[in-house]
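Okay, my_file.txt now, which holds compact mmCIF, C-alpha atoms:
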```
# COMPACT_ATOMS: atom_id res chain seq x y z
CA MET Z 1 0.00 0.00 0.00
CA HIS Z 2 1.23 3.47 -0.88
CA VAL Z 3 0.89 6.11 1.85
CA VAL Z 4 0.32 9.65 0.61
CA VAL Z 5 -0.42 12.98 2.29
CA CYS Z 6 -2.04 16.07 0.87
CA GLY Z 7 -2.64 19.49 2.32
CA ALA Z 8 -5.41 22.03 1.99
CA LEU Z 9 -4.19 25.60 2.19
CA VAL Z 10 -7.41 27.47 2.94
CA GLU Z 11 -7.68 31.25 2.88
CA ASN Z 12 -10.67 33.58 2.52
CA GLY Z 13 -13.05 30.76 1.62
CA GLU Z 14 -10.74 29.40 -1.09
CA VAL Z 15 -8.50 26.35 -1.26
CA LEU Z 16 -5.33 26.02 -3.30
CA LEU Z 17 -5.55 23.22 -5.87
CA VAL Z 18 -2.98 21.80 -8.26
CA HIS Z 19 -3.90 20.50 -11.71
CA ARG Z 20 -2.27 17.15 -12.44
CA SER Z 21 -0.53 17.23 -15.80
CA PRO Z 22 -2.35 15.39 -18.61
CA THR Z 23 0.85 13.38 -19.15
CA ARG Z 24 0.89 11.94 -15.61
CA ARG Z 25 0.60 8.16 -15.46
CA ALA Z 26 -1.63 8.19 -12.38
CA TYR Z 27 -4.80 10.29 -12.33
CA PRO Z 28 -3.94 12.68 -15.18
CA ASP Z 29 -5.79 15.91 -15.98
CA LEU Z 30 -7.56 16.24 -12.60
CA TRP Z 31 -7.52 18.90 -9.89
CA ASP Z 32 -6.13 17.78 -6.56
CA LEU Z 33 -4.64 19.00 -3.31
CA PRO Z 34 -0.84 19.32 -3.31
CA GLY Z 35 1.10 16.54 -1.61
CA GLY Z 36 2.90 13.29 -2.22
CA HIS Z 37 4.28 10.03 -0.89
CA VAL Z 38 5.39 9.54 2.69
CA GLU Z 39 9.00 8.36 2.57
CA ALA Z 40 10.51 5.73 4.88
CA GLY Z 41 11.15 7.14 8.34
CA GLU Z 42 8.87 10.18 7.86
CA SER Z 43 5.72 10.97 9.78
CA GLU Z 44 2.76 12.24 7.77
CA LEU Z 45 3.39 15.79 9.01
CA GLN Z 46 7.07 15.62 8.06
CA ALA Z 47 6.13 14.40 4.59
CA LEU Z 48 3.46 17.09 4.29
CA ALA Z 49 5.94 19.83 5.21
CA ARG Z 50 8.49 18.49 2.71
CA GLU Z 51 5.98 18.10 -0.11
CA MET Z 52 4.42 21.55 0.39
CA HIS Z 53 7.87 23.11 0.22
CA GLU Z 54 8.97 21.07 -2.81
CA GLU Z 55 5.77 21.62 -4.79
CA LEU Z 56 4.70 25.12 -3.71
CA GLY Z 57 7.69 26.74 -2.00
CA VAL Z 58 5.79 27.33 1.25
CA ARG Z 59 6.83 26.42 4.77
CA ILE Z 60 3.88 25.12 6.74
CA VAL Z 61 3.47 25.66 10.47
CA ALA Z 62 3.09 22.04 11.58
CA GLN Z 63 1.20 23.03 14.75
CA SER Z 64 -1.50 24.63 12.57
CA ALA Z 65 -2.22 21.40 10.67
CA SER Z 66 -5.30 19.37 11.51
CA ARG Z 67 -6.35 16.08 9.98
CA LEU Z 68 -9.50 16.32 7.88
CA GLY Z 69 -9.85 12.67 6.95
CA ASP Z 70 -8.60 9.83 4.82
CA TRP Z 71 -9.16 8.68 1.27
CA HIS Z 72 -8.56 5.22 -0.13
CA ALA Z 73 -8.11 4.33 -3.79
CA GLY Z 74 -7.07 1.31 -5.80
CA SER Z 75 -6.51 -2.21 -4.57
CA GLY Z 76 -3.74 -4.75 -4.18
CA ASP Z 77 -0.30 -3.41 -5.10
CA ASP Z 78 -1.92 -0.22 -6.41
CA ALA Z 79 -3.78 0.56 -3.17
CA VAL Z 80 -3.28 4.11 -1.92
CA HIS Z 81 -4.06 5.55 1.51
CA VAL Z 82 -4.22 9.36 1.51
CA GLY Z 83 -4.11 11.39 4.72
CA VAL Z 84 -5.83 14.73 4.13
CA TRP Z 85 -4.72 17.71 6.24
CA ARG Z 86 -5.89 21.31 6.58
CA ILE Z 87 -3.03 23.76 7.00
CA GLY Z 88 -4.00 26.87 8.93
CA ASP Z 89 -0.73 28.78 8.71
CA TRP Z 90 2.23 28.89 6.35
CA ALA Z 91 5.04 31.19 5.26
CA GLY Z 92 5.59 32.13 1.65
CA SER Z 93 3.48 32.67 -1.41
CA PRO Z 94 2.50 29.45 -3.22
CA THR Z 95 4.00 29.01 -6.68
CA ASN Z 96 4.15 25.98 -8.95
CA ARG Z 97 7.60 24.57 -8.24
CA ALA Z 98 6.76 21.15 -9.76
CA PRO Z 99 5.67 21.91 -13.35
CA GLU Z 100 6.52 18.34 -14.40
CA GLU Z 101 3.79 17.14 -12.03
CA HIS Z 102 1.26 20.01 -12.19
CA ASP Z 103 0.60 22.24 -15.15
CA ASP Z 104 -1.39 24.78 -13.10
CA ILE Z 105 -2.29 25.86 -9.58
CA ALA Z 106 -5.30 27.93 -8.60
CA TRP Z 107 -7.20 29.30 -5.62
CA VAL Z 108 -10.75 27.95 -5.92
CA GLY Z 109 -13.79 28.89 -3.87
CA ILE Z 110 -14.87 25.97 -1.69
CA GLY Z 111 -18.40 26.35 -3.07
CA GLU Z 112 -17.05 26.03 -6.64
CA LEU Z 113 -15.32 22.68 -6.16
CA GLY Z 114 -18.31 20.68 -7.42
CA GLY Z 115 -17.86 22.11 -10.91
CA LEU Z 116 -14.28 20.85 -11.33
CA PRO Z 117 -12.92 17.46 -12.35
CA LEU Z 118 -11.46 16.49 -8.96
CA LEU Z 119 -9.36 13.48 -8.06
CA PHE Z 120 -11.60 13.01 -4.99
CA ALA Z 121 -15.13 14.22 -5.60
CA ASP Z 122 -15.92 14.59 -1.88
CA LEU Z 123 -13.22 17.21 -1.27
CA ALA Z 124 -15.76 19.97 -0.60
CA ALA Z 125 -17.40 17.88 2.13
CA LEU Z 126 -14.10 17.73 4.05
CA LEU Z 127 -13.42 21.46 3.97
CA PRO Z 128 -15.04 23.94 6.32
CA ALA Z 129 -17.18 26.53 4.56
```
Would you encode the structure as structure tokens?
Amino acid sequence: MHVVVCGALVENGEVLLVHRSPTRRAYPDLWDLPGGHVEAGESELQALAREMHEELGVRIVAQSASRLGDWHAGSGDDAVHVGVWRIGDWAGSPTNRAPEEHDDIAWVGIGELGGLPLLFADLAALLPA
């Protein structure tokens, strides 16, 4: 099973999403929360901090993170467990530092999530209004 973390940067009723490149092998051309695989020896929060810095150039305040829930996808060797976190505080202005993975990033109103092709359709239900 693959263990993955993703983080919701939420500000002024909007959440930052990344658009997975159409050339990605897994889940191409969908909007998603930024994040990635938990590496050996890392906690979920350590992986989240690393991924948010690698992908967006922001430094999260780990104490501001709260777990929103979990998603599960695939089965067998392709099974994925995703820990979903809300990040309340961070330093830096998010930019796309992983253009090979994401071809766009955007702040999206939480109420507008239903109109997007999302990797996990129930994302809006996890986020506070």
Checklist entry - To one decimal place, how far is CA of Asp89 in chain Z from CA of Ala26 in chain Z in Å? => result 29.5 Å
Checklist outcome for this item: For Asn96 in chain Z, the closest of Z:Leu113, Z:Val80, Z:Leu9, Z:Met52 counting all atoms listed in the file is Z:Met52
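Minimum distance to His37 in chain Z across Z:Gly115, Z:Gly69, Z:Gly83, Z:Gly76 (counting only C-alpha atoms) occurs at Z:Gly83.
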Checklist entry - So, counting only C-alpha atoms, which residue among Z:Gly7, Z:His81, Z:His2, Z:Pro34 is closest to Val61 in chain Z? => result Z:Gly7
Next on the checklist: Nearest residue to Glu100 in chain Z out of Z:Ala65, Z:Arg24, Z:Arg59, Z:Val15, using all atoms listed in the file?
Outcome noted: Z:Arg24
Checklist entry - For the atom pair CA of Ala8 in chain Z and CA of Trp85 in chain Z, what is the interatomic distance in Å to one decimal place? => result 6.1 Å
Checklist entry - Using all atoms listed in the file, which residue out of Z:Val18, Z:Ala91, Z:Cys6, Z:Ala98 lies closest to Asp32 in chain Z? => result Z:Val18
Checklist entry - Please, which residues are within 10 Å of (2.2, 12.2, -3.1) by the file's coordinates, counting all atoms listed in the file, and could they come as a VMD selection string? => result chain Z and resid 2 to 6 33 to 39 47 to 48 51 80 82
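With all atoms listed in the file as the basis for measurement, Z:Asn12 is the residue among Z:Ser75, Z:Ser93, Z:Ser66, Z:Asn12 that approaches Ile110 in chain Z most closely.
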Output, as JSON, the centre and edge lengths in Å (one decimal) of the axis-aligned box that contains all listed atoms of range 4-16 of chain Z with 4 Å of margin on each side.
```
{"center_x": -6.4, "center_y": 21.6, "center_z": -0.2, "size_x": 21.4, "size_y": 31.9, "size_z": 14.2}
```
Item to check | Non-local contacts of Gly92 in chain Z (9 Å; all atoms listed in the file; under 3 positions in same chain excluded) as a PyMOL selection string | outcome: chain Z and resi 56-60
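Coordinates place CA of Pro94 in chain Z at a distance of 9.6 Å from CA of Ala106 in chain Z.
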Item to check | Nearby residues (all atoms listed in the file) at most 12 Å from Pro22 in chain Z, same-chain spacing under 2 positions excluded, as a VMD selection string | outcome: chain Z and resid 19 to 20 24 to 31 99 to 104
Can you spit out the residues from that selection as a compact mmCIF listing (two decimals), in the coordinates of the input, using C-alpha atoms?
```txt
# COMPACT_ATOMS: atom_id res chain seq x y z
CA HIS Z 19 -3.90 20.50 -11.71
CA ARG Z 20 -2.27 17.15 -12.44
CA ARG Z 24 0.89 11.94 -15.61
CA ARG Z 25 0.60 8.16 -15.46
CA ALA Z 26 -1.63 8.19 -12.38
CA TYR Z 27 -4.80 10.29 -12.33
CA PRO Z 28 -3.94 12.68 -15.18
CA ASP Z 29 -5.79 15.91 -15.98
CA LEU Z 30 -7.56 16.24 -12.60
CA TRP Z 31 -7.52 18.90 -9.89
CA PRO Z 99 5.67 21.91 -13.35
CA GLU Z 100 6.52 18.34 -14.40
CA GLU Z 101 3.79 17.14 -12.03
CA HIS Z 102 1.26 20.01 -12.19
CA ASP Z 103 0.60 22.24 -15.15
CA ASP Z 104 -1.39 24.78 -13.10
```
Please, can range 97-114 of chain Z be completed to N, CA and C atoms and returned as a PDB file, in the coordinates of the input?
```pdb
ATOM      1  N   ARG Z  97       6.197  24.949  -8.174  1.00  0.00           N
ATOM      2  CA  ARG Z  97       7.600  24.570  -8.240  1.00  0.00           C
ATOM      3  C   ARG Z  97       7.781  23.141  -8.762  1.00  0.00           C
ATOM      4  N   ALA Z  98       6.695  22.515  -9.216  1.00  0.00           N
ATOM      5  CA  ALA Z  98       6.760  21.150  -9.760  1.00  0.00           C
ATOM      6  C   ALA Z  98       5.995  21.076 -11.079  1.00  0.00           C
ATOM      7  N   PRO Z  99       6.430  21.867 -12.087  1.00  0.00           N
ATOM      8  CA  PRO Z  99       5.670  21.910 -13.350  1.00  0.00           C
ATOM      9  C   PRO Z  99       5.638  20.579 -14.099  1.00  0.00           C
ATOM     10  N   GLU Z 100       6.563  19.660 -13.771  1.00  0.00           N
ATOM     11  CA  GLU Z 100       6.520  18.340 -14.400  1.00  0.00           C
ATOM     12  C   GLU Z 100       5.385  17.494 -13.835  1.00  0.00           C
ATOM     13  N   GLU Z 101       4.893  17.859 -12.655  1.00  0.00           N
ATOM     14  CA  GLU Z 101       3.790  17.140 -12.030  1.00  0.00           C
ATOM     15  C   GLU Z 101       2.452  17.859 -12.231  1.00  0.00           C
ATOM     16  N   HIS Z 102       2.479  19.206 -12.125  1.00  0.00           N
ATOM     17  CA  HIS Z 102       1.260  20.010 -12.190  1.00  0.00           C
ATOM     18  C   HIS Z 102       1.438  21.090 -13.245  1.00  0.00           C
ATOM     19  N   ASP Z 103       0.476  21.205 -14.134  1.00  0.00           N
ATOM     20  CA  ASP Z 103       0.600  22.240 -15.150  1.00  0.00           C
ATOM     21  C   ASP Z 103      -0.097  23.543 -14.762  1.00  0.00           C
ATOM     22  N   ASP Z 104      -0.732  23.559 -13.564  1.00  0.00           N
ATOM     23  CA  ASP Z 104      -1.390  24.780 -13.100  1.00  0.00           C
ATOM     24  C   ASP Z 104      -1.676  24.656 -11.603  1.00  0.00           C
ATOM     25  N   ILE Z 105      -1.779  25.797 -10.948  1.00  0.00           N
ATOM     26  CA  ILE Z 105      -2.290  25.860  -9.580  1.00  0.00           C
ATOM     27  C   ILE Z 105      -3.306  26.994  -9.552  1.00  0.00           C
ATOM     28  N   ALA Z 106      -4.270  26.895  -8.651  1.00  0.00           N
ATOM     29  CA  ALA Z 106      -5.300  27.930  -8.600  1.00  0.00           C
ATOM     30  C   ALA Z 106      -5.986  27.948  -7.242  1.00  0.00           C
ATOM     31  N   TRP Z 107      -6.344  29.150  -6.789  1.00  0.00           N
ATOM     32  CA  TRP Z 107      -7.200  29.300  -5.620  1.00  0.00           C
ATOM     33  C   TRP Z 107      -8.632  29.155  -6.112  1.00  0.00           C
ATOM     34  N   VAL Z 108      -9.381  28.256  -5.488  1.00  0.00           N
ATOM     35  CA  VAL Z 108     -10.750  27.950  -5.920  1.00  0.00           C
ATOM     36  C   VAL Z 108     -11.672  28.089  -4.719  1.00  0.00           C
ATOM     37  N   GLY Z 109     -12.795  28.774  -4.920  1.00  0.00           N
ATOM     38  CA  GLY Z 109     -13.790  28.890  -3.870  1.00  0.00           C
ATOM     39  C   GLY Z 109     -14.307  27.514  -3.468  1.00  0.00           C
ATOM     40  N   ILE Z 110     -14.425  27.280  -2.167  1.00  0.00           N
ATOM     41  CA  ILE Z 110     -14.870  25.970  -1.690  1.00  0.00           C
ATOM     42  C   ILE Z 110     -16.225  25.612  -2.301  1.00  0.00           C
ATOM     43  N   GLY Z 111     -17.096  26.603  -2.466  1.00  0.00           N
ATOM     44  CA  GLY Z 111     -18.400  26.350  -3.070  1.00  0.00           C
ATOM     45  C   GLY Z 111     -18.351  26.045  -4.557  1.00  0.00           C
ATOM     46  N   GLU Z 112     -17.211  26.274  -5.200  1.00  0.00           N
ATOM     47  CA  GLU Z 112     -17.050  26.030  -6.640  1.00  0.00           C
ATOM     48  C   GLU Z 112     -16.415  24.688  -6.953  1.00  0.00           C
ATOM     49  N   LEU Z 113     -16.032  23.936  -5.932  1.00  0.00           N
ATOM     50  CA  LEU Z 113     -15.320  22.680  -6.160  1.00  0.00           C
ATOM     51  C   LEU Z 113     -16.140  21.658  -6.936  1.00  0.00           C
ATOM     52  N   GLY Z 114     -17.450  21.658  -6.752  1.00  0.00           N
ATOM     53  CA  GLY Z 114     -18.310  20.680  -7.420  1.00  0.00           C
ATOM     54  C   GLY Z 114     -18.285  20.788  -8.931  1.00  0.00           C
TER      55      GLY Z 114
END
```
